[in-house]
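Novice: Below is the file my_file.cif, which contains mmCIF, C-alpha atoms, pLDDT in the B column; chains and numbers go by the auth columns.
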data_work
#
loop_
_atom_site.group_PDB
_atom_site.id
_atom_site.type_symbol
_atom_site.label_atom_id
_atom_site.label_comp_id
_atom_site.label_asym_id
_atom_site.label_seq_id
_atom_site.Cartn_x
_atom_site.Cartn_y
_atom_site.Cartn_z
_atom_site.B_iso_or_equiv
_atom_site.auth_seq_id
_atom_site.auth_asym_id
ATOM 1 C CA SER A 1 0.000 0.000 0.000 42.00 488 A
ATOM 2 C CA GLN A 2 0.994 3.626 -0.284 47.00 489 A
ATOM 3 C CA GLN A 3 3.618 4.950 2.117 64.00 490 A
ATOM 4 C CA GLY A 4 1.597 8.132 2.537 71.00 491 A
ATOM 5 C CA GLU A 5 -2.144 8.047 2.923 81.00 492 A
ATOM 6 C CA GLU A 6 -4.197 11.206 3.162 84.00 493 A
ATOM 7 C CA ASP A 7 -7.338 11.651 5.113 86.00 494 A
ATOM 8 C CA PRO A 8 -10.031 12.644 4.377 92.00 495 A
ATOM 9 C CA GLN A 9 -10.263 11.529 0.753 91.00 496 A
ATOM 10 C CA ALA A 10 -12.499 14.503 0.017 94.00 497 A
ATOM 11 C CA LEU A 11 -13.385 17.681 1.865 95.00 498 A
ATOM 12 C CA SER A 12 -15.899 20.364 1.030 96.00 499 A
ATOM 13 C CA ILE A 13 -15.925 23.659 2.952 96.00 500 A
ATOM 14 C CA GLN A 14 -17.181 27.212 2.624 97.00 501 A
ATOM 15 C CA GLU A 15 -14.864 29.989 1.584 97.00 502 A
ATOM 16 C CA GLY A 16 -13.252 31.559 4.640 97.00 503 A
ATOM 17 C CA GLU A 17 -13.234 28.353 6.662 97.00 504 A
ATOM 18 C CA ASN A 18 -10.093 26.435 7.551 97.00 505 A
ATOM 19 C CA ALA A 19 -9.258 23.146 5.897 97.00 506 A
ATOM 20 C CA THR A 20 -7.256 20.431 7.583 97.00 507 A
ATOM 21 C CA MET A 21 -5.966 17.319 5.884 96.00 508 A
ATOM 22 C CA ASN A 22 -3.832 14.584 7.330 96.00 509 A
ATOM 23 C CA CYS A 23 -1.169 12.265 6.035 94.00 510 A
ATOM 24 C CA SER A 24 -0.041 9.060 7.688 93.00 511 A
ATOM 25 C CA TYR A 25 2.973 7.035 6.683 90.00 512 A
ATOM 26 C CA LYS A 26 4.481 3.729 7.629 87.00 513 A
ATOM 27 C CA THR A 27 8.257 3.958 7.904 85.00 514 A
ATOM 28 C CA SER A 28 10.794 6.517 9.099 85.00 515 A
ATOM 29 C CA ILE A 29 11.312 9.369 6.721 85.00 516 A
ATOM 30 C CA ASN A 30 13.868 12.047 5.940 84.00 517 A
ATOM 31 C CA ASN A 31 11.343 14.652 5.021 87.00 518 A
ATOM 32 C CA LEU A 32 7.746 15.089 4.037 91.00 519 A
ATOM 33 C CA GLN A 33 6.433 17.428 1.378 92.00 520 A
ATOM 34 C CA TRP A 34 2.991 18.675 0.481 94.00 521 A
ATOM 35 C CA TYR A 35 1.965 19.306 -3.099 94.00 522 A
ATOM 36 C CA ARG A 36 -1.160 20.738 -4.698 96.00 523 A
ATOM 37 C CA GLN A 37 -2.644 19.592 -7.983 94.00 524 A
ATOM 38 C CA ASN A 38 -5.318 21.463 -9.847 92.00 525 A
ATOM 39 C CA SER A 39 -7.528 19.202 -11.912 86.00 526 A
ATOM 40 C CA GLY A 40 -5.520 17.429 -14.598 79.00 527 A
ATOM 41 C CA ARG A 41 -2.477 19.647 -14.167 85.00 528 A
ATOM 42 C CA GLY A 42 0.996 19.216 -12.758 87.00 529 A
ATOM 43 C CA LEU A 43 1.756 19.167 -9.071 91.00 530 A
ATOM 44 C CA VAL A 44 2.915 22.322 -7.380 93.00 531 A
ATOM 45 C CA HIS A 45 5.233 22.117 -4.407 92.00 532 A
ATOM 46 C CA LEU A 46 3.812 23.800 -1.308 95.00 533 A
ATOM 47 C CA ILE A 47 6.059 23.087 1.630 94.00 534 A
ATOM 48 C CA LEU A 48 8.759 20.727 2.872 91.00 535 A
ATOM 49 C CA ILE A 49 9.181 19.730 6.506 93.00 536 A
ATOM 50 C CA ARG A 50 12.220 17.824 7.680 90.00 537 A
ATOM 51 C CA SER A 51 12.065 14.944 10.128 90.00 538 A
ATOM 52 C CA ASN A 52 13.630 17.063 12.877 92.00 539 A
ATOM 53 C CA GLU A 53 11.050 19.841 12.493 95.00 540 A
ATOM 54 C CA ARG A 54 7.659 19.858 14.177 96.00 541 A
ATOM 55 C CA GLU A 55 5.898 22.778 12.521 97.00 542 A
ATOM 56 C CA LYS A 56 6.336 24.992 9.514 96.00 543 A
ATOM 57 C CA HIS A 57 4.419 27.940 8.103 96.00 544 A
ATOM 58 C CA SER A 58 4.136 29.388 4.645 95.00 545 A
ATOM 59 C CA GLY A 59 1.557 32.129 4.155 96.00 546 A
ATOM 60 C CA ARG A 60 -1.850 30.608 4.918 97.00 547 A
ATOM 61 C CA LEU A 61 -0.367 27.123 5.167 97.00 548 A
ATOM 62 C CA ARG A 62 0.663 25.429 8.368 98.00 549 A
ATOM 63 C CA VAL A 63 2.222 21.983 8.369 98.00 550 A
ATOM 64 C CA THR A 64 2.903 19.863 11.407 97.00 551 A
ATOM 65 C CA LEU A 65 4.869 16.665 11.658 96.00 552 A
ATOM 66 C CA ASP A 66 4.642 14.091 14.426 96.00 553 A
ATOM 67 C CA THR A 67 7.278 11.462 13.798 93.00 554 A
ATOM 68 C CA SER A 68 6.203 9.424 16.824 94.00 555 A
ATOM 69 C CA LYS A 69 2.758 9.006 15.281 94.00 556 A
ATOM 70 C CA LYS A 70 4.108 8.945 11.750 93.00 557 A
ATOM 71 C CA SER A 71 1.679 11.605 10.673 95.00 558 A
ATOM 72 C CA SER A 72 1.549 15.101 9.274 96.00 559 A
ATOM 73 C CA SER A 73 -1.213 17.625 8.850 97.00 560 A
ATOM 74 C CA LEU A 74 -1.710 20.476 6.436 97.00 561 A
ATOM 75 C CA LEU A 75 -3.874 23.371 7.564 98.00 562 A
ATOM 76 C CA ILE A 76 -5.083 25.964 5.089 97.00 563 A
ATOM 77 C CA THR A 77 -6.498 28.967 6.885 97.00 564 A
ATOM 78 C CA ALA A 78 -9.126 31.368 5.532 97.00 565 A
ATOM 79 C CA SER A 79 -9.689 29.196 2.472 97.00 566 A
ATOM 80 C CA ARG A 80 -10.442 30.666 -0.943 97.00 567 A
ATOM 81 C CA ALA A 81 -12.189 29.216 -3.977 96.00 568 A
ATOM 82 C CA ALA A 82 -8.783 29.121 -5.683 95.00 569 A
ATOM 83 C CA ASP A 83 -7.619 26.594 -3.075 97.00 570 A
ATOM 84 C CA THR A 84 -9.905 24.018 -4.686 97.00 571 A
ATOM 85 C CA ALA A 85 -7.515 21.247 -5.714 96.00 572 A
ATOM 86 C CA SER A 86 -6.143 17.882 -4.674 95.00 573 A
ATOM 87 C CA TYR A 87 -3.454 17.875 -2.019 96.00 574 A
ATOM 88 C CA PHE A 88 -0.813 15.185 -1.797 94.00 575 A
ATOM 89 C CA CYS A 89 1.804 14.373 0.779 93.00 576 A
ATOM 90 C CA ALA A 90 5.071 12.892 -0.412 91.00 577 A
ATOM 91 C CA THR A 91 7.401 11.037 1.875 87.00 578 A
ATOM 92 C CA ALA A 92 11.071 10.708 1.122 79.00 579 A
ATOM 93 C CA LEU A 93 13.320 7.892 2.214 74.00 580 A
ATOM 94 C CA LEU A 94 16.994 8.339 1.573 65.00 581 A
ATOM 95 C CA SER A 95 17.655 4.729 2.482 69.00 582 A
ATOM 96 C CA ASN A 96 15.952 3.352 -0.591 65.00 583 A
ATOM 97 C CA GLN A 97 16.055 6.482 -2.745 64.00 584 A
ATOM 98 C CA LYS A 98 12.294 6.593 -3.025 71.00 585 A
ATOM 99 C CA VAL A 99 9.711 9.316 -2.918 78.00 586 A
ATOM 100 C CA THR A 100 6.181 8.060 -2.483 83.00 587 A
ATOM 101 C CA PHE A 101 3.072 10.115 -3.012 87.00 588 A
ATOM 102 C CA GLY A 102 -0.111 9.521 -1.082 86.00 589 A
ATOM 103 C CA THR A 103 -3.544 9.076 -2.556 86.00 590 A
ATOM 104 C CA GLY A 104 -4.486 12.707 -2.068 91.00 591 A
ATOM 105 C CA THR A 105 -7.248 14.749 -0.460 94.00 592 A
ATOM 106 C CA LYS A 106 -9.650 16.439 -2.832 94.00 593 A
ATOM 107 C CA LEU A 107 -10.563 19.840 -1.413 96.00 594 A
ATOM 108 C CA GLN A 108 -13.509 21.838 -2.673 97.00 595 A
ATOM 109 C CA VAL A 109 -13.928 25.399 -1.426 97.00 596 A
ATOM 110 C CA ILE A 110 -17.405 26.731 -2.107 96.00 597 A
ATOM 111 C CA PRO A 111 -17.639 30.489 -2.746 94.00 598 A
ATOM 112 C CA ASP B 1 4.532 28.101 -14.597 82.00 961 B
ATOM 113 C CA SER B 2 7.112 25.704 -13.159 86.00 962 B
ATOM 114 C CA GLY B 3 9.580 26.085 -16.009 93.00 963 B
ATOM 115 C CA VAL B 4 9.305 22.394 -16.883 96.00 964 B
ATOM 116 C CA THR B 5 7.885 21.733 -20.315 96.00 965 B
ATOM 117 C CA GLN B 6 6.384 18.546 -21.651 97.00 966 B
ATOM 118 C CA THR B 7 5.280 17.568 -25.130 97.00 967 B
ATOM 119 C CA PRO B 8 2.873 16.548 -26.421 96.00 968 B
ATOM 120 C CA LYS B 9 -0.040 17.631 -24.232 95.00 969 B
ATOM 121 C CA HIS B 10 -2.302 14.871 -25.439 96.00 970 B
ATOM 122 C CA LEU B 11 -1.596 11.622 -27.209 96.00 971 B
ATOM 123 C CA ILE B 12 -4.140 9.143 -28.497 97.00 972 B
ATOM 124 C CA THR B 13 -2.885 5.877 -29.883 97.00 973 B
ATOM 125 C CA ALA B 14 -3.794 2.224 -30.264 97.00 974 B
ATOM 126 C CA THR B 15 -2.786 -0.862 -28.311 97.00 975 B
ATOM 127 C CA GLY B 16 0.524 -2.340 -29.372 97.00 976 B
ATOM 128 C CA GLN B 17 1.939 0.988 -30.495 97.00 977 B
ATOM 129 C CA ARG B 18 4.995 2.853 -29.230 97.00 978 B
ATOM 130 C CA VAL B 19 5.131 6.493 -28.163 97.00 979 B
ATOM 131 C CA THR B 20 7.759 8.919 -26.945 98.00 980 B
ATOM 132 C CA LEU B 21 7.093 11.612 -24.385 98.00 981 B
ATOM 133 C CA ARG B 22 9.463 14.513 -24.078 98.00 982 B
ATOM 134 C CA CYS B 23 10.451 16.680 -21.129 98.00 983 B
ATOM 135 C CA SER B 24 12.651 19.737 -20.758 98.00 984 B
ATOM 136 C CA PRO B 25 13.663 20.492 -17.173 97.00 985 B
ATOM 137 C CA ARG B 26 13.895 23.896 -15.554 96.00 986 B
ATOM 138 C CA SER B 27 16.981 25.829 -16.506 95.00 987 B
ATOM 139 C CA GLY B 28 19.854 24.654 -14.324 92.00 988 B
ATOM 140 C CA ASP B 29 18.147 21.530 -13.003 95.00 989 B
ATOM 141 C CA LEU B 30 20.121 18.347 -13.511 94.00 990 B
ATOM 142 C CA SER B 31 17.597 15.793 -12.268 93.00 991 B
ATOM 143 C CA VAL B 32 14.584 14.633 -14.203 95.00 992 B
ATOM 144 C CA TYR B 33 11.873 12.385 -12.801 94.00 993 B
ATOM 145 C CA TRP B 34 9.030 10.589 -14.540 95.00 994 B
ATOM 146 C CA TYR B 35 5.698 9.774 -12.902 94.00 995 B
ATOM 147 C CA GLN B 36 2.560 8.026 -14.022 95.00 996 B
ATOM 148 C CA GLN B 37 -0.791 9.100 -12.612 93.00 997 B
ATOM 149 C CA SER B 38 -3.842 6.952 -13.147 89.00 998 B
ATOM 150 C CA LEU B 39 -7.167 6.810 -11.359 80.00 999 B
ATOM 151 C CA ASP B 40 -6.606 3.398 -9.827 76.00 1000 B
ATOM 152 C CA GLN B 41 -2.862 3.574 -9.067 76.00 1001 B
ATOM 153 C CA GLY B 42 -2.464 7.197 -8.028 82.00 1002 B
ATOM 154 C CA LEU B 43 0.843 8.920 -8.650 87.00 1003 B
ATOM 155 C CA GLN B 44 3.612 6.399 -9.229 90.00 1004 B
ATOM 156 C CA PHE B 45 7.297 7.218 -9.465 89.00 1005 B
ATOM 157 C CA LEU B 46 8.814 5.618 -12.551 93.00 1006 B
ATOM 158 C CA ILE B 47 12.433 6.655 -12.895 93.00 1007 B
ATOM 159 C CA GLN B 48 14.972 9.396 -12.178 92.00 1008 B
ATOM 160 C CA TYR B 49 17.914 10.617 -14.217 94.00 1009 B
ATOM 161 C CA TYR B 50 20.658 12.902 -13.025 92.00 1010 B
ATOM 162 C CA ASN B 51 23.015 14.565 -15.466 94.00 1011 B
ATOM 163 C CA GLY B 52 22.451 11.877 -18.044 95.00 1012 B
ATOM 164 C CA GLU B 53 22.657 8.851 -15.779 94.00 1013 B
ATOM 165 C CA GLU B 54 19.933 6.738 -14.259 93.00 1014 B
ATOM 166 C CA ARG B 55 19.765 7.392 -10.511 89.00 1015 B
ATOM 167 C CA ALA B 56 16.696 5.665 -9.161 87.00 1016 B
ATOM 168 C CA LYS B 57 14.064 3.329 -10.428 88.00 1017 B
ATOM 169 C CA GLY B 58 10.510 2.986 -9.260 87.00 1018 B
ATOM 170 C CA ASN B 59 7.588 1.055 -10.636 83.00 1019 B
ATOM 171 C CA ILE B 60 8.661 1.240 -14.242 92.00 1020 B
ATOM 172 C CA LEU B 61 7.562 -1.574 -16.518 94.00 1021 B
ATOM 173 C CA GLU B 62 10.061 -3.334 -18.771 96.00 1022 B
ATOM 174 C CA ARG B 63 8.072 -2.053 -21.769 97.00 1023 B
ATOM 175 C CA PHE B 64 8.966 1.483 -20.695 97.00 1024 B
ATOM 176 C CA SER B 65 12.375 3.073 -20.978 97.00 1025 B
ATOM 177 C CA ALA B 66 13.791 6.523 -20.524 97.00 1026 B
ATOM 178 C CA GLN B 67 16.924 8.480 -21.180 97.00 1027 B
ATOM 179 C CA GLN B 68 18.371 11.888 -20.482 97.00 1028 B
ATOM 180 C CA PHE B 69 20.354 13.591 -23.198 97.00 1029 B
ATOM 181 C CA PRO B 70 23.464 15.821 -22.938 96.00 1030 B
ATOM 182 C CA ASP B 71 21.267 18.930 -23.158 95.00 1031 B
ATOM 183 C CA LEU B 72 19.397 17.484 -20.122 96.00 1032 B
ATOM 184 C CA HIS B 73 16.074 16.983 -21.806 97.00 1033 B
ATOM 185 C CA SER B 74 14.566 13.573 -21.237 98.00 1034 B
ATOM 186 C CA GLU B 75 12.388 11.167 -23.159 98.00 1035 B
ATOM 187 C CA LEU B 76 10.132 8.437 -21.878 98.00 1036 B
ATOM 188 C CA ASN B 77 9.472 5.651 -24.365 98.00 1037 B
ATOM 189 C CA LEU B 78 6.424 3.481 -23.920 98.00 1038 B
ATOM 190 C CA SER B 79 6.125 0.427 -26.150 97.00 1039 B
ATOM 191 C CA SER B 80 3.660 -2.412 -26.739 97.00 1040 B
ATOM 192 C CA LEU B 81 1.029 -0.145 -25.272 97.00 1041 B
ATOM 193 C CA GLU B 82 -1.884 -1.612 -23.382 97.00 1042 B
ATOM 194 C CA LEU B 83 -5.202 -0.087 -22.397 96.00 1043 B
ATOM 195 C CA GLY B 84 -3.987 0.121 -18.823 94.00 1044 B
ATOM 196 C CA ASP B 85 -1.174 2.452 -19.838 96.00 1045 B
ATOM 197 C CA SER B 86 -3.692 5.219 -20.338 96.00 1046 B
ATOM 198 C CA ALA B 87 -2.737 7.832 -17.770 95.00 1047 B
ATOM 199 C CA LEU B 88 -1.239 11.222 -17.161 95.00 1048 B
ATOM 200 C CA TYR B 89 2.530 11.156 -17.393 97.00 1049 B
ATOM 201 C CA PHE B 90 4.374 13.841 -15.512 96.00 1050 B
ATOM 202 C CA CYS B 91 7.943 14.908 -15.688 96.00 1051 B
ATOM 203 C CA ALA B 92 9.529 16.799 -12.803 94.00 1052 B
ATOM 204 C CA SER B 93 12.942 18.314 -12.319 95.00 1053 B
ATOM 205 C CA SER B 94 15.110 19.348 -9.420 92.00 1054 B
ATOM 206 C CA ALA B 95 18.499 20.905 -8.946 89.00 1055 B
ATOM 207 C CA LYS B 96 20.088 18.096 -6.985 81.00 1056 B
ATOM 208 C CA GLN B 97 20.312 14.372 -7.524 74.00 1057 B
ATOM 209 C CA ILE B 98 18.728 13.357 -4.255 72.00 1058 B
ATOM 210 C CA LEU B 99 15.119 12.246 -4.437 65.00 1059 B
ATOM 211 C CA THR B 100 14.268 14.245 -1.352 69.00 1060 B
ATOM 212 C CA ASP B 101 14.888 17.535 -3.125 80.00 1061 B
ATOM 213 C CA THR B 102 11.897 19.697 -4.055 84.00 1062 B
ATOM 214 C CA GLN B 103 10.600 18.723 -7.451 89.00 1063 B
ATOM 215 C CA TYR B 104 9.016 21.016 -10.010 92.00 1064 B
ATOM 216 C CA PHE B 105 6.386 19.365 -12.149 93.00 1065 B
ATOM 217 C CA GLY B 106 5.539 19.882 -15.776 95.00 1066 B
ATOM 218 C CA PRO B 107 1.949 20.138 -17.043 94.00 1067 B
ATOM 219 C CA GLY B 108 1.866 16.468 -18.026 95.00 1068 B
ATOM 220 C CA THR B 109 1.099 14.423 -21.115 96.00 1069 B
ATOM 221 C CA ARG B 110 -2.287 12.739 -21.219 96.00 1070 B
ATOM 222 C CA LEU B 111 -1.950 9.379 -22.951 97.00 1071 B
ATOM 223 C CA THR B 112 -5.039 7.565 -24.147 96.00 1072 B
ATOM 224 C CA VAL B 113 -4.623 4.044 -25.479 96.00 1073 B
ATOM 225 C CA LEU B 114 -7.608 2.805 -27.473 96.00 1074 B
#
Represent the structure from my file as structure tokens, please.
Specialist:
Amino acid sequence: SQQGEEDPQALSIQEGENATMNCSYKTSINNLQWYRQNSGRGLVHLILIRSNEREKHSGRLRVTLDTSKKSSSLLITASRAADTASYFCATALLSNQKVTFGTGTKLQVIP
Amino acid sequence: DSGVTQTPKHLITATGQRVTLRCSPRSGDLSVYWYQQSLDQGLQFLIQYYNGEERAKGNILERFSAQQFPDLHSELNLSSLELGDSALYFCASSAKQILTDTQYFGPGTRLTVL
């Protein structure tokens, strides 16, 4: 199964609300990245958090990492219709030179 | 715009055929990655090249091959195509050779095998 699995699979919220999505993984990682994908388009890198970091911010994005629980969360504050997209976590393992993408959370922000 | 270009945008072909997908990385990036995204398999890492040499291999089928040329552009060759090969194929690039580096994705090539 996938190294990274996002939850929920789909999320629908009103504009202005916060959106939280979670990623769980199975083995120890070097870093974890979040990407956004608009329908049928390429992925856009959002943020990278290293295994020795617990929290990181970038604009309206806040990412946390709990290595003891092998999980990460992405919080988008004050959501906008333009945030409508799929969000993927990607876990990186230097030991086997692999990056694995999760199954994604489909976020819909209703204006 | 990530700076990564991919051609063609769309490709429709028949089973048994062979196609070539092309990718030009961002200026200065030495690593190129290929991914396949389908509805049932999600986003799968296929292969990585760094400065012309294969660096890492993922779930790439034997019918698929790739190479990176001296000018750093890359091609992904898919042969003996099957219906199940229909998917979006993405190329990404990064500055360094390590897989953990931030990757910049191209717009993708949508392959339809009929």
Novice: Apply the PyMOL selection byres ((chain A and resi 596) around 9) to the file shown and report the selected residues as a ChimeraX atom specification.
Specialist: /A:498-504,506,566-572,594-595,597-598
Novice: Quick one: everything within 6 Å of His1033 of chain B, counting all atoms listed in the file, minus sequence neighbours fewer than 2 positions away in the same chain. Send it as a list in words.
Specialist: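 So the residues in contact are Cys983, Ser984, Gln1028, Phe1029 and Asp1031 of chain B.
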Novice: Could you state which residues are captured by the PyMOL selection byres ((chain A) within 10 of (chain B)) in this file, as an MDAnalysis selection string?
Specialist: chainID A and resid 489 516:520 522 524 527:535 537 575 577:581 583:591
Novice: Take atom CA of Ser515 of chain A and atom CA of Ser555 of chain A and report the distance between them in Å, one decimal.
Specialist: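 Calculated distance between atom CA of Ser515 of chain A and atom CA of Ser555 of chain A is 9.4 Å.
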Novice: Around all listed atoms of segment 562-577 of chain A, padded 8 Å per side, what centre and edge lengths does the axis-aligned box have in Å to one decimal, as JSON?
Specialist:
{"center_x": -3.6, "center_y": 22.1, "center_z": 0.9, "size_x": 33.3, "size_y": 34.5, "size_z": 29.3}
Novice: Just to confirm, what's the straight-line distance from atom CA of Ser1040 of chain B to atom CA of Gln996 of chain B in Å (one decimal)?
Specialist: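 For atom CA of Ser1040 of chain B relative to atom CA of Gln996 of chain B, the distance reads 16.5 Å.
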Novice: Could you pull the residues within 12 Å of Leu1074 of chain B, counting only C-alpha atoms, minus those fewer than 3 positions along the same chain, as a PyMOL selection string?
Specialist: chain B and resi 971-977+1041-1047+1071
Novice: I need the residues from that last selection saved to file as an mmCIF file, in the coordinates of the input (with C-alpha atoms), if you can.
Specialist:
data_model
loop_
_atom_site.group_PDB
_atom_site.id
_atom_site.type_symbol
_atom_site.label_atom_id
_atom_site.label_comp_id
_atom_site.auth_asym_id
_atom_site.auth_seq_id
_atom_site.Cartn_x
_atom_site.Cartn_y
_atom_site.Cartn_z
ATOM 1 C CA LEU B 971 -1.596 11.622 -27.209
ATOM 2 C CA ILE B 972 -4.140 9.143 -28.497
ATOM 3 C CA THR B 973 -2.885 5.877 -29.883
ATOM 4 C CA ALA B 974 -3.794 2.224 -30.264
ATOM 5 C CA THR B 975 -2.786 -0.862 -28.311
ATOM 6 C CA GLY B 976 0.524 -2.340 -29.372
ATOM 7 C CA GLN B 977 1.939 0.988 -30.495
ATOM 8 C CA LEU B 1041 1.029 -0.145 -25.272
ATOM 9 C CA GLU B 1042 -1.884 -1.612 -23.382
ATOM 10 C CA LEU B 1043 -5.202 -0.087 -22.397
ATOM 11 C CA GLY B 1044 -3.987 0.121 -18.823
ATOM 12 C CA ASP B 1045 -1.174 2.452 -19.838
ATOM 13 C CA SER B 1046 -3.692 5.219 -20.338
ATOM 14 C CA ALA B 1047 -2.737 7.832 -17.770
ATOM 15 C CA LEU B 1071 -1.950 9.379 -22.951
#
Novice: Enumerate, as a PyMOL selection string, the residues matched when the PyMOL selection byres ((chain B and resi 1055) around 10) is run on the file above.
Specialist: chain B and resi 985-992+1010+1053-1054+1056-1058+1061-1064
Novice: Of the candidates A:Cys510, A:Cys576, A:Trp521, A:Thr592, which one gets nearest to Lys557 of chain A if we count all atoms listed in the file?
Specialist: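 Counting all atoms listed in the file, the residue closest to Lys557 of chain A is A:Cys510.
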Novice: Quick check, in Å to one decimal: how far apart do atom CA of Glu1022 of chain B and atom CA of Thr965 of chain B lie?
Specialist: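 Atom CA of Glu1022 of chain B sits 25.2 Å away from atom CA of Thr965 of chain B.
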Novice: Quick one: residues within 10 Å of Val550 of chain A, all atoms listed in the file, excluding same-chain residues fewer than 3 positions away - as a list in words?
Specialist: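 Contacts, with the query itself left out: Thr507, Met508, Asn509, Leu519, Gln520, Trp521, Leu533, Ile534, Leu535, Ile536, Glu540, Arg541, Glu542, Lys543, His544, Ser545, Ser559, Ser560, Leu561, Leu562 and Ile563 of chain A.
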Novice: Taking only N, CA and C atoms, show segment 990-1002 of chain B of the given structure as a PDB file, in the first residue's frame.
Specialist:
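Everything below was put into part_18.pdb:
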ATOM      1  N   LEU B 990      19.418  19.483 -12.931  1.00  0.00           N
ATOM      2  CA  LEU B 990      20.121  18.347 -13.511  1.00  0.00           C
ATOM      3  C   LEU B 990      19.338  17.040 -13.389  1.00  0.00           C
ATOM      4  N   SER B 991      18.387  17.013 -12.481  1.00  0.00           N
ATOM      5  CA  SER B 991      17.597  15.793 -12.268  1.00  0.00           C
ATOM      6  C   SER B 991      16.259  15.870 -12.982  1.00  0.00           C
ATOM      7  N   VAL B 992      15.895  14.756 -13.584  1.00  0.00           N
ATOM      8  CA  VAL B 992      14.584  14.633 -14.203  1.00  0.00           C
ATOM      9  C   VAL B 992      13.925  13.385 -13.656  1.00  0.00           C
ATOM     10  N   TYR B 993      12.648  13.503 -13.328  1.00  0.00           N
ATOM     11  CA  TYR B 993      11.873  12.385 -12.801  1.00  0.00           C
ATOM     12  C   TYR B 993      10.663  12.162 -13.697  1.00  0.00           C
ATOM     13  N   TRP B 994      10.258  10.910 -13.805  1.00  0.00           N
ATOM     14  CA  TRP B 994       9.030  10.589 -14.540  1.00  0.00           C
ATOM     15  C   TRP B 994       8.046   9.921 -13.597  1.00  0.00           C
ATOM     16  N   TYR B 995       6.778  10.331 -13.709  1.00  0.00           N
ATOM     17  CA  TYR B 995       5.698   9.774 -12.902  1.00  0.00           C
ATOM     18  C   TYR B 995       4.529   9.402 -13.801  1.00  0.00           C
ATOM     19  N   GLN B 996       3.797   8.407 -13.359  1.00  0.00           N
ATOM     20  CA  GLN B 996       2.560   8.026 -14.022  1.00  0.00           C
ATOM     21  C   GLN B 996       1.424   8.238 -13.024  1.00  0.00           C
ATOM     22  N   GLN B 997       0.365   8.908 -13.479  1.00  0.00           N
ATOM     23  CA  GLN B 997      -0.791   9.100 -12.612  1.00  0.00           C
ATOM     24  C   GLN B 997      -2.029   8.528 -13.280  1.00  0.00           C
ATOM     25  N   SER B 998      -2.595   7.522 -12.653  1.00  0.00           N
ATOM     26  CA  SER B 998      -3.842   6.952 -13.147  1.00  0.00           C
ATOM     27  C   SER B 998      -4.836   6.931 -12.008  1.00  0.00           C
ATOM     28  N   LEU B 999      -6.106   6.749 -12.369  1.00  0.00           N
ATOM     29  CA  LEU B 999      -7.167   6.810 -11.359  1.00  0.00           C
ATOM     30  C   LEU B 999      -7.022   5.708 -10.323  1.00  0.00           C
ATOM     31  N   ASP B1000      -6.640   4.511 -10.773  1.00  0.00           N
ATOM     32  CA  ASP B1000      -6.606   3.398  -9.827  1.00  0.00           C
ATOM     33  C   ASP B1000      -5.270   3.255  -9.091  1.00  0.00           C
ATOM     34  N   GLN B1001      -4.188   3.756  -9.684  1.00  0.00           N
ATOM     35  CA  GLN B1001      -2.862   3.574  -9.067  1.00  0.00           C
ATOM     36  C   GLN B1001      -2.336   4.840  -8.395  1.00  0.00           C
ATOM     37  N   GLY B1002      -2.988   5.965  -8.607  1.00  0.00           N
ATOM     38  CA  GLY B1002      -2.464   7.197  -8.028  1.00  0.00           C
ATOM     39  C   GLY B1002      -1.205   7.627  -8.741  1.00  0.00           C
TER      40      GLY B1002
END
